[in-house]
$ cat coords-v6.pdb   # PDB, C-alpha atoms
ATOM      1  CA  MET X  25      64.009  71.720 -17.295
ATOM      2  CA  LEU X  26      67.546  72.460 -18.324
ATOM      3  CA  PRO X  27      68.291  74.620 -21.358
ATOM      4  CA  PHE X  28      68.739  72.537 -24.535
ATOM      5  CA  ARG X  29      72.470  73.257 -24.871
ATOM      6  CA  CYS X  30      73.176  72.253 -21.252
ATOM      7  CA  GLN X  31      71.218  69.047 -21.737
ATOM      8  CA  ASN X  32      73.249  68.158 -24.815
ATOM      9  CA  ARG X  33      76.484  68.770 -22.919
ATOM     10  CA  ALA X  34      75.290  66.582 -20.034
ATOM     11  CA  ILE X  35      74.294  63.788 -22.437
ATOM     12  CA  LEU X  36      77.664  63.904 -24.150
ATOM     13  CA  LYS X  37      79.492  63.925 -20.823
ATOM     14  CA  GLU X  38      77.603  60.900 -19.544
ATOM     15  CA  LEU X  39      78.132  58.967 -22.772
ATOM     16  CA  LEU X  40      81.850  59.735 -22.626
ATOM     17  CA  VAL X  41      81.992  58.500 -19.020
ATOM     18  CA  LEU X  42      80.334  55.201 -20.016
ATOM     19  CA  ILE X  43      82.491  54.630 -23.094
ATOM     20  CA  GLY X  44      85.593  55.753 -21.227
ATOM     21  CA  ALA X  45      84.903  53.359 -18.334
ATOM     22  CA  PHE X  46      84.504  50.452 -20.732
ATOM     23  CA  ALA X  47      87.659  51.329 -22.670
ATOM     24  CA  ALA X  48      89.692  51.996 -19.511
ATOM     25  CA  GLY X  49      88.633  48.734 -17.854
ATOM     26  CA  THR X  50      89.480  46.751 -20.970
ATOM     27  CA  GLY X  51      92.790  48.543 -21.474
ATOM     28  CA  ILE X  52      93.913  48.146 -17.865
ATOM     29  CA  ALA X  53      93.008  44.437 -17.917
ATOM     30  CA  LEU X  54      95.035  43.915 -21.087
ATOM     31  CA  LEU X  55      98.000  45.826 -19.652
ATOM     32  CA  ALA X  56      97.751  43.743 -16.482
ATOM     33  CA  GLY X  57      98.106  40.581 -18.556
ATOM     34  CA  ALA X  58      94.559  39.481 -19.400
ATOM     35  CA  LYS X  59      94.632  36.127 -21.204
ATOM     36  CA  ASN X  60      92.851  37.464 -24.308
ATOM     37  CA  LEU X  61      90.782  40.397 -25.549
ATOM     38  CA  GLY X  62      87.555  38.678 -24.460
ATOM     39  CA  THR X  63      88.802  38.520 -20.853
ATOM     40  CA  GLY X  64      89.858  42.166 -21.088
ATOM     41  CA  LEU X  65      86.390  43.084 -22.352
ATOM     42  CA  THR X  66      84.890  41.269 -19.364
ATOM     43  CA  ILE X  67      86.680  43.713 -17.057
ATOM     44  CA  GLY X  68      85.478  46.512 -19.344
ATOM     45  CA  GLN X  69      81.950  45.138 -18.920
ATOM     46  CA  LEU X  70      82.350  45.417 -15.133
ATOM     47  CA  THR X  71      83.687  48.980 -15.208
ATOM     48  CA  PHE X  72      80.979  49.989 -17.702
ATOM     49  CA  ALA X  73      78.249  48.711 -15.367
ATOM     50  CA  ALA X  74      79.818  50.438 -12.363
ATOM     51  CA  ALA X  75      80.019  53.717 -14.299
ATOM     52  CA  LEU X  76      76.432  53.274 -15.488
ATOM     53  CA  ALA X  77      75.158  52.786 -11.934
ATOM     54  CA  ALA X  78      77.114  55.861 -10.830
ATOM     55  CA  VAL X  79      75.777  57.984 -13.703
ATOM     56  CA  LEU X  80      72.169  56.938 -13.094
ATOM     57  CA  LEU X  81      72.326  57.382  -9.335
ATOM     58  CA  LEU X  82      74.451  60.506  -9.081
ATOM     59  CA  ALA X  83      74.037  62.579 -12.255
ATOM     60  CA  GLY X  84      71.757  65.587 -11.918
ATOM     61  CA  ARG X  85      71.417  65.268  -8.138
ATOM     62  CA  ARG X  86      72.435  68.869  -7.516
ATOM     63  CA  ARG X  87      69.724  70.065  -9.879
ATOM     64  CA  SER X  88      66.924  68.128  -8.228
TER      65      SER X  88
ATOM     66  CA  MET F  25      85.855  32.270 -15.591
ATOM     67  CA  VAL F  26      85.075  32.277 -11.894
ATOM     68  CA  PRO F  27      81.780  30.451 -11.246
ATOM     69  CA  HIS F  28      82.260  30.635  -7.480
ATOM     70  CA  ILE F  29      84.546  32.165  -4.887
ATOM     71  CA  HIS F  30      85.427  30.999  -1.390
ATOM     72  CA  ILE F  31      85.309  33.468   1.497
ATOM     73  CA  PHE F  32      86.044  32.193   5.049
ATOM     74  CA  GLY F  33      85.223  28.678   3.961
ATOM     75  CA  ILE F  34      81.903  29.675   2.408
ATOM     76  CA  THR F  35      81.351  29.079  -1.300
ATOM     77  CA  ILE F  36      79.572  31.967  -3.022
ATOM     78  CA  GLN F  37      78.255  31.726  -6.595
ATOM     79  CA  THR F  38      79.463  34.712  -8.605
ATOM     80  CA  PHE F  39      76.204  34.691 -10.571
ATOM     81  CA  GLY F  40      74.412  35.173  -7.245
ATOM     82  CA  ILE F  41      76.576  38.190  -6.416
ATOM     83  CA  PHE F  42      75.575  39.978  -9.618
ATOM     84  CA  PHE F  43      71.986  38.835  -9.209
ATOM     85  CA  ALA F  44      71.977  40.588  -5.818
ATOM     86  CA  LEU F  45      73.787  43.648  -7.201
ATOM     87  CA  ASN F  46      71.179  43.993  -9.938
ATOM     88  CA  PHE F  47      68.410  44.295  -7.345
ATOM     89  CA  LEU F  48      70.493  46.635  -5.174
ATOM     90  CA  ALA F  49      71.086  48.966  -8.123
ATOM     91  CA  TRP F  50      67.418  48.849  -9.085
ATOM     92  CA  GLY F  51      66.432  49.545  -5.482
ATOM     93  CA  ALA F  52      68.747  52.558  -5.295
ATOM     94  CA  LEU F  53      67.411  53.914  -8.594
ATOM     95  CA  THR F  54      63.814  53.349  -7.491
ATOM     96  CA  HIS F  55      64.572  55.114  -4.184
ATOM     97  CA  ARG F  56      65.771  58.145  -6.125
ATOM     98  CA  ARG F  57      62.822  58.139  -8.494
ATOM     99  CA  LEU F  58      60.216  57.742  -5.751
ATOM    100  CA  GLY F  59      61.766  60.766  -4.068
ATOM    101  CA  GLU F  60      61.501  62.746  -7.313
ATOM    102  CA  LEU F  61      57.838  61.744  -7.618
ATOM    103  CA  GLY F  62      57.092  62.716  -4.026
ATOM    104  CA  LYS F  63      56.280  59.140  -2.977
ATOM    105  CA  PRO F  64      57.590  57.396   0.166
ATOM    106  CA  THR F  65      61.151  56.347  -0.627
ATOM    107  CA  GLU F  66      60.944  53.348   1.724
ATOM    108  CA  TRP F  67      58.691  51.734  -0.853
ATOM    109  CA  ALA F  68      61.868  51.014  -2.820
ATOM    110  CA  PHE F  69      62.863  48.369  -0.280
ATOM    111  CA  GLU F  70      59.435  46.740  -0.385
ATOM    112  CA  MET F  71      59.448  46.742  -4.175
ATOM    113  CA  VAL F  72      62.851  45.065  -4.341
ATOM    114  CA  VAL F  73      61.873  42.318  -1.888
ATOM    115  CA  VAL F  74      58.597  41.673  -3.720
ATOM    116  CA  ALA F  75      60.325  41.644  -7.120
ATOM    117  CA  VAL F  76      63.076  39.279  -5.901
ATOM    118  CA  VAL F  77      60.622  36.755  -4.487
ATOM    119  CA  GLY F  78      58.223  36.938  -7.460
ATOM    120  CA  GLY F  79      61.074  36.968  -9.974
ATOM    121  CA  LEU F  80      62.793  33.937  -8.481
ATOM    122  CA  ILE F  81      59.587  31.928  -8.359
ATOM    123  CA  GLY F  82      58.734  32.891 -11.949
ATOM    124  CA  ALA F  83      62.225  32.237 -13.326
ATOM    125  CA  ARG F  84      62.380  28.835 -11.668
ATOM    126  CA  ALA F  85      58.813  27.883 -12.623
ATOM    127  CA  TYR F  86      59.429  28.770 -16.269
ATOM    128  CA  TYR F  87      62.626  26.704 -16.309
ATOM    129  CA  LEU F  88      60.759  23.745 -14.830
ATOM    130  CA  ILE F  89      57.985  24.085 -17.417
ATOM    131  CA  GLN F  90      60.545  24.224 -20.250
ATOM    132  CA  ASN F  91      62.505  21.236 -18.907
ATOM    133  CA  HIS F  92      59.777  19.203 -17.228
ATOM    134  CA  LYS F  93      60.713  16.025 -19.091
ATOM    135  CA  ALA F  94      64.305  16.041 -17.826
ATOM    136  CA  ILE F  95      63.592  17.067 -14.238
ATOM    137  CA  SER F  96      62.651  14.875 -11.321
ATOM    138  CA  LEU F  97      60.874  16.008  -8.160
ATOM    139  CA  GLY F  98      64.187  15.873  -6.305
ATOM    140  CA  ASN F  99      65.839  18.695  -8.245
ATOM    141  CA  VAL F 100      62.897  21.106  -8.364
ATOM    142  CA  PHE F 101      64.664  23.148  -5.676
ATOM    143  CA  SER F 102      68.225  22.706  -6.969
ATOM    144  CA  GLY F 103      70.402  25.804  -7.396
ATOM    145  CA  SER F 104      70.505  26.010 -11.190
ATOM    146  CA  GLY F 105      67.926  26.806 -13.850
ATOM    147  CA  LEU F 106      66.451  30.274 -13.999
ATOM    148  CA  VAL F 107      64.848  31.742 -17.129
ATOM    149  CA  TRP F 108      64.772  35.520 -17.622
ATOM    150  CA  TYR F 109      61.294  35.748 -19.158
ATOM    151  CA  GLY F 110      59.874  33.610 -16.356
ATOM    152  CA  GLY F 111      61.500  35.923 -13.842
ATOM    153  CA  LEU F 112      60.047  38.935 -15.626
ATOM    154  CA  ALA F 113      56.547  37.441 -15.538
ATOM    155  CA  GLY F 114      56.841  36.406 -11.876
ATOM    156  CA  GLY F 115      58.238  39.789 -10.880
ATOM    157  CA  VAL F 116      55.474  41.641 -12.727
ATOM    158  CA  VAL F 117      52.698  39.616 -11.069
ATOM    159  CA  ALA F 118      54.239  40.106  -7.608
ATOM    160  CA  MET F 119      54.722  43.836  -8.207
ATOM    161  CA  LEU F 120      51.142  44.265  -9.406
ATOM    162  CA  ILE F 121      49.854  42.657  -6.228
ATOM    163  CA  TRP F 122      52.108  44.895  -4.108
ATOM    164  CA  ALA F 123      51.107  48.042  -6.045
ATOM    165  CA  HIS F 124      47.422  47.215  -5.730
ATOM    166  CA  ARG F 125      47.812  46.945  -1.948
ATOM    167  CA  ARG F 126      49.767  50.240  -1.863
ATOM    168  CA  LYS F 127      47.325  51.983  -4.235
ATOM    169  CA  PHE F 128      50.239  52.727  -6.574
ATOM    170  CA  LEU F 129      48.970  50.660  -9.464
ATOM    171  CA  GLY F 130      49.448  52.841 -12.540
ATOM    172  CA  TRP F 131      51.716  53.662 -15.437
ATOM    173  CA  GLN F 132      54.278  55.383 -13.181
ATOM    174  CA  LEU F 133      55.000  51.985 -11.668
ATOM    175  CA  PHE F 134      55.628  50.490 -15.115
ATOM    176  CA  ASP F 135      57.964  53.356 -15.996
ATOM    177  CA  ILE F 136      59.963  52.772 -12.797
ATOM    178  CA  ALA F 137      60.216  49.124 -13.815
ATOM    179  CA  ALA F 138      61.406  50.050 -17.332
ATOM    180  CA  TYR F 139      64.836  51.481 -16.543
ATOM    181  CA  GLY F 140      65.135  49.152 -13.543
ATOM    182  CA  LEU F 141      64.663  46.078 -15.691
ATOM    183  CA  ALA F 142      67.142  47.309 -18.295
ATOM    184  CA  LEU F 143      69.743  48.130 -15.620
ATOM    185  CA  GLY F 144      69.152  44.832 -13.852
ATOM    186  CA  TYR F 145      69.526  42.900 -17.088
ATOM    187  CA  ALA F 146      72.801  44.694 -17.863
ATOM    188  CA  ILE F 147      74.223  43.870 -14.424
ATOM    189  CA  GLY F 148      72.819  40.347 -14.373
ATOM    190  CA  ARG F 149      74.584  39.534 -17.645
ATOM    191  CA  ILE F 150      77.917  40.207 -15.923
ATOM    192  CA  GLY F 151      77.037  37.289 -13.658
ATOM    193  CA  CYS F 152      76.417  35.122 -16.731
ATOM    194  CA  GLN F 153      79.755  36.180 -18.209
ATOM    195  CA  VAL F 154      81.779  35.648 -15.036
ATOM    196  CA  ALA F 155      80.118  32.325 -14.214
ATOM    197  CA  GLY F 156      80.219  31.063 -17.813
ATOM    198  CA  ASP F 157      76.714  29.696 -17.356
ATOM    199  CA  GLY F 158      76.082  28.790 -20.997
ATOM    200  CA  ASP F 159      74.568  32.127 -22.066
ATOM    201  CA  TYR F 160      77.520  32.699 -24.374
ATOM    202  CA  GLY F 161      77.354  32.533 -28.158
ATOM    203  CA  LYS F 162      78.154  30.209 -31.009
ATOM    204  CA  ALA F 163      81.627  28.987 -31.868
ATOM    205  CA  TRP F 164      83.645  31.861 -33.292
ATOM    206  CA  SER F 165      87.316  32.694 -33.716
ATOM    207  CA  GLY F 166      87.205  36.491 -34.127
ATOM    208  CA  PRO F 167      89.441  39.014 -32.321
ATOM    209  CA  TRP F 168      87.578  38.940 -28.966
ATOM    210  CA  ALA F 169      86.419  35.319 -29.082
ATOM    211  CA  MET F 170      86.998  33.471 -25.803
ATOM    212  CA  GLY F 171      86.524  30.088 -24.157
ATOM    213  CA  TYR F 172      84.646  29.282 -20.920
ATOM    214  CA  GLU F 173      86.479  26.100 -20.007
ATOM    215  CA  LYS F 174      86.007  26.661 -16.273
ATOM    216  CA  GLY F 175      82.424  27.902 -16.532
ATOM    217  CA  THR F 176      79.430  26.218 -14.928
ATOM    218  CA  VAL F 177      78.495  25.181 -18.483
ATOM    219  CA  PRO F 178      81.994  24.833 -19.939
ATOM    220  CA  THR F 179      82.944  25.163 -23.571
ATOM    221  CA  ALA F 180      84.915  22.308 -25.130
ATOM    222  CA  PRO F 181      88.690  22.509 -24.572
ATOM    223  CA  GLY F 182      90.178  24.926 -27.095
ATOM    224  CA  GLU F 183      86.771  26.083 -28.358
ATOM    225  CA  THR F 184      86.172  29.842 -28.499
ATOM    226  CA  VAL F 185      82.780  31.545 -28.787
ATOM    227  CA  HIS F 186      81.058  34.949 -28.959
ATOM    228  CA  PRO F 187      81.033  36.500 -25.449
ATOM    229  CA  THR F 188      77.392  37.547 -25.912
ATOM    230  CA  PRO F 189      76.802  38.534 -22.235
ATOM    231  CA  ILE F 190      79.211  41.427 -22.830
ATOM    232  CA  TYR F 191      77.207  42.603 -25.845
ATOM    233  CA  GLU F 192      74.018  42.366 -23.809
ATOM    234  CA  THR F 193      75.400  44.377 -20.894
ATOM    235  CA  LEU F 194      76.496  47.151 -23.233
ATOM    236  CA  ALA F 195      73.241  47.206 -25.201
ATOM    237  CA  MET F 196      70.849  47.087 -22.251
ATOM    238  CA  GLY F 197      73.065  49.365 -20.187
ATOM    239  CA  LEU F 198      72.694  52.034 -22.857
ATOM    240  CA  VAL F 199      68.949  51.368 -22.986
ATOM    241  CA  ALA F 200      68.747  51.869 -19.185
ATOM    242  CA  TRP F 201      70.683  55.118 -19.491
ATOM    243  CA  LEU F 202      68.461  56.374 -22.326
ATOM    244  CA  LEU F 203      65.219  55.477 -20.533
ATOM    245  CA  TRP F 204      66.453  57.152 -17.339
ATOM    246  CA  ARG F 205      67.272  60.323 -19.256
ATOM    247  CA  TRP F 206      63.797  60.247 -20.794
ATOM    248  CA  ARG F 207      61.977  59.706 -17.475
ATOM    249  CA  ASP F 208      60.375  63.167 -17.436
ATOM    250  CA  ARG F 209      59.976  63.563 -21.176
ATOM    251  CA  PHE F 210      57.048  61.246 -21.913
ATOM    252  CA  ARG F 211      53.584  60.578 -20.592
ATOM    253  CA  PRO F 212      53.367  57.834 -17.954
ATOM    254  CA  GLY F 213      53.535  54.383 -19.530
ATOM    255  CA  VAL F 214      55.357  55.452 -22.691
ATOM    256  CA  LEU F 215      58.749  54.677 -21.158
ATOM    257  CA  PHE F 216      57.669  51.103 -20.457
ATOM    258  CA  ALA F 217      56.487  50.737 -24.051
ATOM    259  CA  PHE F 218      59.919  51.919 -25.223
ATOM    260  CA  TYR F 219      61.518  49.378 -22.873
ATOM    261  CA  LEU F 220      59.491  46.563 -24.446
ATOM    262  CA  VAL F 221      60.561  47.665 -27.928
ATOM    263  CA  PHE F 222      64.264  48.047 -27.065
ATOM    264  CA  ALA F 223      64.464  44.855 -24.982
ATOM    265  CA  GLY F 224      62.674  42.939 -27.717
ATOM    266  CA  ILE F 225      65.045  44.180 -30.419
ATOM    267  CA  GLU F 226      68.144  43.509 -28.291
ATOM    268  CA  ARG F 227      67.233  39.941 -27.432
ATOM    269  CA  PHE F 228      65.945  39.171 -30.922
ATOM    270  CA  LEU F 229      69.262  40.244 -32.457
ATOM    271  CA  VAL F 230      71.621  38.668 -29.907
ATOM    272  CA  GLU F 231      69.862  35.338 -30.273
ATOM    273  CA  PHE F 232      71.315  35.051 -33.783
ATOM    274  CA  LEU F 233      74.731  34.759 -32.108
ATOM    275  CA  ARG F 234      73.636  32.440 -29.284
ATOM    276  CA  ARG F 235      73.400  28.680 -29.259
ATOM    277  CA  ASN F 236      69.738  28.246 -28.434
ATOM    278  CA  GLU F 237      67.640  25.713 -30.273
ATOM    279  CA  HIS F 238      65.374  26.842 -33.121
ATOM    280  CA  VAL F 239      61.755  26.085 -32.330
ATOM    281  CA  LEU F 240      59.731  27.719 -35.097
ATOM    282  CA  GLY F 241      60.605  29.203 -38.500
ATOM    283  CA  GLY F 242      64.326  29.207 -37.727
ATOM    284  CA  LEU F 243      63.772  31.308 -34.605
ATOM    285  CA  THR F 244      64.509  30.443 -30.978
ATOM    286  CA  ALA F 245      61.935  30.549 -28.179
ATOM    287  CA  ALA F 246      63.553  33.732 -26.846
ATOM    288  CA  GLN F 247      63.266  35.345 -30.297
ATOM    289  CA  LEU F 248      59.560  34.550 -30.470
ATOM    290  CA  GLU F 249      59.095  35.991 -26.971
ATOM    291  CA  SER F 250      61.118  39.061 -27.968
ATOM    292  CA  LEU F 251      58.927  39.566 -31.013
ATOM    293  CA  GLY F 252      55.929  39.461 -28.690
ATOM    294  CA  LEU F 253      57.448  42.170 -26.472
ATOM    295  CA  LEU F 254      58.356  44.240 -29.524
ATOM    296  CA  VAL F 255      54.854  44.061 -31.005
ATOM    297  CA  ILE F 256      53.163  44.887 -27.675
ATOM    298  CA  GLY F 257      55.540  47.817 -27.103
ATOM    299  CA  ALA F 258      55.120  49.167 -30.636
ATOM    300  CA  MET F 259      51.332  48.895 -30.440
ATOM    301  CA  ALA F 260      51.329  50.699 -27.093
ATOM    302  CA  LEU F 261      53.394  53.516 -28.619
ATOM    303  CA  VAL F 262      51.015  53.803 -31.585
ATOM    304  CA  PHE F 263      47.964  53.911 -29.297
ATOM    305  CA  ALA F 264      49.648  56.479 -27.033
ATOM    306  CA  GLN F 265      50.508  58.637 -30.054
ATOM    307  CA  GLN F 266      46.923  58.460 -31.330
ATOM    308  CA  GLY F 267      45.526  59.156 -27.874
ATOM    309  CA  GLY F 268      47.158  62.525 -27.288
ATOM    310  CA  GLY F 269      50.829  62.105 -28.162
ATOM    311  CA  LEU F 270      53.819  60.496 -26.483
ATOM    312  CA  ARG F 271      55.258  63.589 -24.801
ATOM    313  CA  ARG F 272      54.174  65.051 -21.511
ATOM    314  CA  SER F 273      52.422  68.399 -21.523
ATOM    315  CA  ALA F 274      54.615  71.504 -21.136
ATOM    316  CA  THR F 275      53.141  72.150 -17.668
ATOM    317  CA  ALA F 276      53.939  68.651 -16.440
ATOM    318  CA  ALA F 277      57.443  68.835 -17.882
ATOM    319  CA  ALA F 278      58.075  72.208 -16.233
ATOM    320  CA  ASN F 279      57.040  70.764 -12.878
ATOM    321  CA  SER F 280      59.429  67.835 -13.243
ATOM    322  CA  SER F 281      62.583  67.784 -11.169
ATOM    323  CA  VAL F 282      65.196  67.545 -13.962
TER     324      VAL F 282
END
$ encode --input "coords-v6.pdb" --output "structure tokens"
Amino acid sequence: MLPFRCQNRAILKELLVLIGAFAAGTGIALLAGAKNLGTGLTIGQLTFAAALAAVLLLAGRRRS
Amino acid sequence: MVPHIHIFGITIQTFGIFFALNFLAWGALTHRRLGELGKPTEWAFEMVVVAVVGGLIGARAYYLIQNHKAISLGNVFSGSGLVWYGGLAGGVVAMLIWAHRRKFLGWQLFDIAAYGLALGYAIGRIGCQVAGDGDYGKAWSGPWAMGYEKGTVPTAPGETVHPTPIYETLAMGLVAWLLWRWRDRFRPGVLFAFYLVFAGIERFLVEFLRRNEHVLGGLTAAQLESLGLLVIGAMALVFAQQGGGLRRSATAAANSSV
């Protein structure tokens, strides 16, 4: 088990990665000329899922 | 919306791509977890194949049961018409049979399914969004409202709706993340109970924004099914709490890999 403080930092980091991926995907789509915010959010949905898969599959591997 | 793409003259349904990705992601996650549990990691491949076959049969069968009046024998095997709860039921039955044969039938199996199902649902909903397959919400004209005029189930020209598949991906994606983080915290089976509660709440709430028909007391069929999941999950948590607590023992937690 990781110390409590380290765990909290890891949780925060992973949450930031997920939120950041969603925001970045949406923002880039809008900058690239997405038709509307809904279409931009669709790209954000894609980047969020990709980040989620990466976090679940890769995070904590070195510790295991 | 992009319901299908053409590659070298072959038409590929985008929903199918995300359907496949959902099982790939689940398989990869299961591979990792089986390794952590000291089980053969090649079981992940078997589990995915069994879940795909059982899930597809269940999802299709449930759709046919729901729409039996409008369906002829000729379109029983057509490409459209899959229902999530049918897929869940079919996948569970197939997995139970597989686990029984592998002597892996126990709460650990259900826990592996918990984050896998949440992750798969989150990825699968991208397919619904990209294909515009009718899983979107009611008419709405808010800031991120959008139309699905080129979807497989198109919205009326000029009509905009709630893009509910996006909400579902975000909600269930966070549930998958939370359950994965909790995988060594609770006694076997508790994680699956949490999944039932979270999945039930998510679907119950999103249905208020979707266009499904009310069947009883102003609720849709999916809301009634979600309530069922929620009640079963909550009862399982109460029983687990009364029968020794939800958390794993300190010894078991110390022996865990994370």
$ closest_residue --input "coords-v6.pdb" --among "F:Gly115, F:Gly171, F:Gly241, F:Gly213" --to "chain X" --atoms "all atoms listed in the file"
F:Gly171
$ closest_atom_pairs --input "coords-v6.pdb" --of "segment 135-156 of chain F" --to "segment 66-88 of chain F" --cutoff "12 Å" --atoms "only C-alpha atoms" --output "CSV"
residue,atom,partner,partner_atom,distance
F:Ile136,CA,F:Ala68,CA,10.3
F:Ala137,CA,F:Met71,CA,10.0
F:Gly140,CA,F:Val72,CA,10.3
F:Leu141,CA,F:Ala75,CA,10.6
F:Gly144,CA,F:Val72,CA,11.4
$ closest_residue --input "coords-v6.pdb" --among "F:Ala258, F:Ala169, F:Leu229, F:Ile34" --to "chain X" --atoms "only C-alpha atoms"
F:Ala169
$ closest_residue --input "coords-v6.pdb" --among "F:Met170, F:Ala264, F:Leu61, F:Ile31" --to "Asn60 of chain X" --atoms "all atoms listed in the file"
F:Met170
$ resolve_selection --input "coords-v6.pdb" --expression "the PyMOL selection byres ((chain X and resi 76-86) around 9)" --output "ChimeraX atom specification"
/X:34,38,41-42,45,71-75,87-88 /F:49,52-53,56,143,197-198,200-201,204-205,282
$ residues_near_point --input "coords-v6.pdb" --point "(83.0, 32.0, -31.5)" --cutoff "6 Å" --atoms "all atoms listed in the file" --output "list in words"
Lys162, Ala163, Trp164, Ser165, Ala169, Thr184, Val185 and His186 of chain F
$ atom_distance --input "coords-v6.pdb" --atom1 "atom CA of Trp206 of chain F" --atom2 "atom CA of Ile35 of chain X"
11.2 Å
$ residues_around --input "coords-v6.pdb" --residues "Val154 of chain F" --least-positions-apart "2" --cutoff "6 Å" --atoms "only C-alpha atoms" --output "number ranges by chain"
F: 25-26, 151-152, 156
$ resolve_selection --input "coords-v6.pdb" --expression "the PyMOL selection byres ((chain F and resi 227) around 10)" --output "list in words"
Glu192, Ala195, Met196, Phe222, Ala223, Gly224, Ile225, Glu226, Phe228, Leu229, Val230, Glu231, Phe232, Ala246, Gln247, Leu248, Glu249, Ser250 and Leu251 of chain F
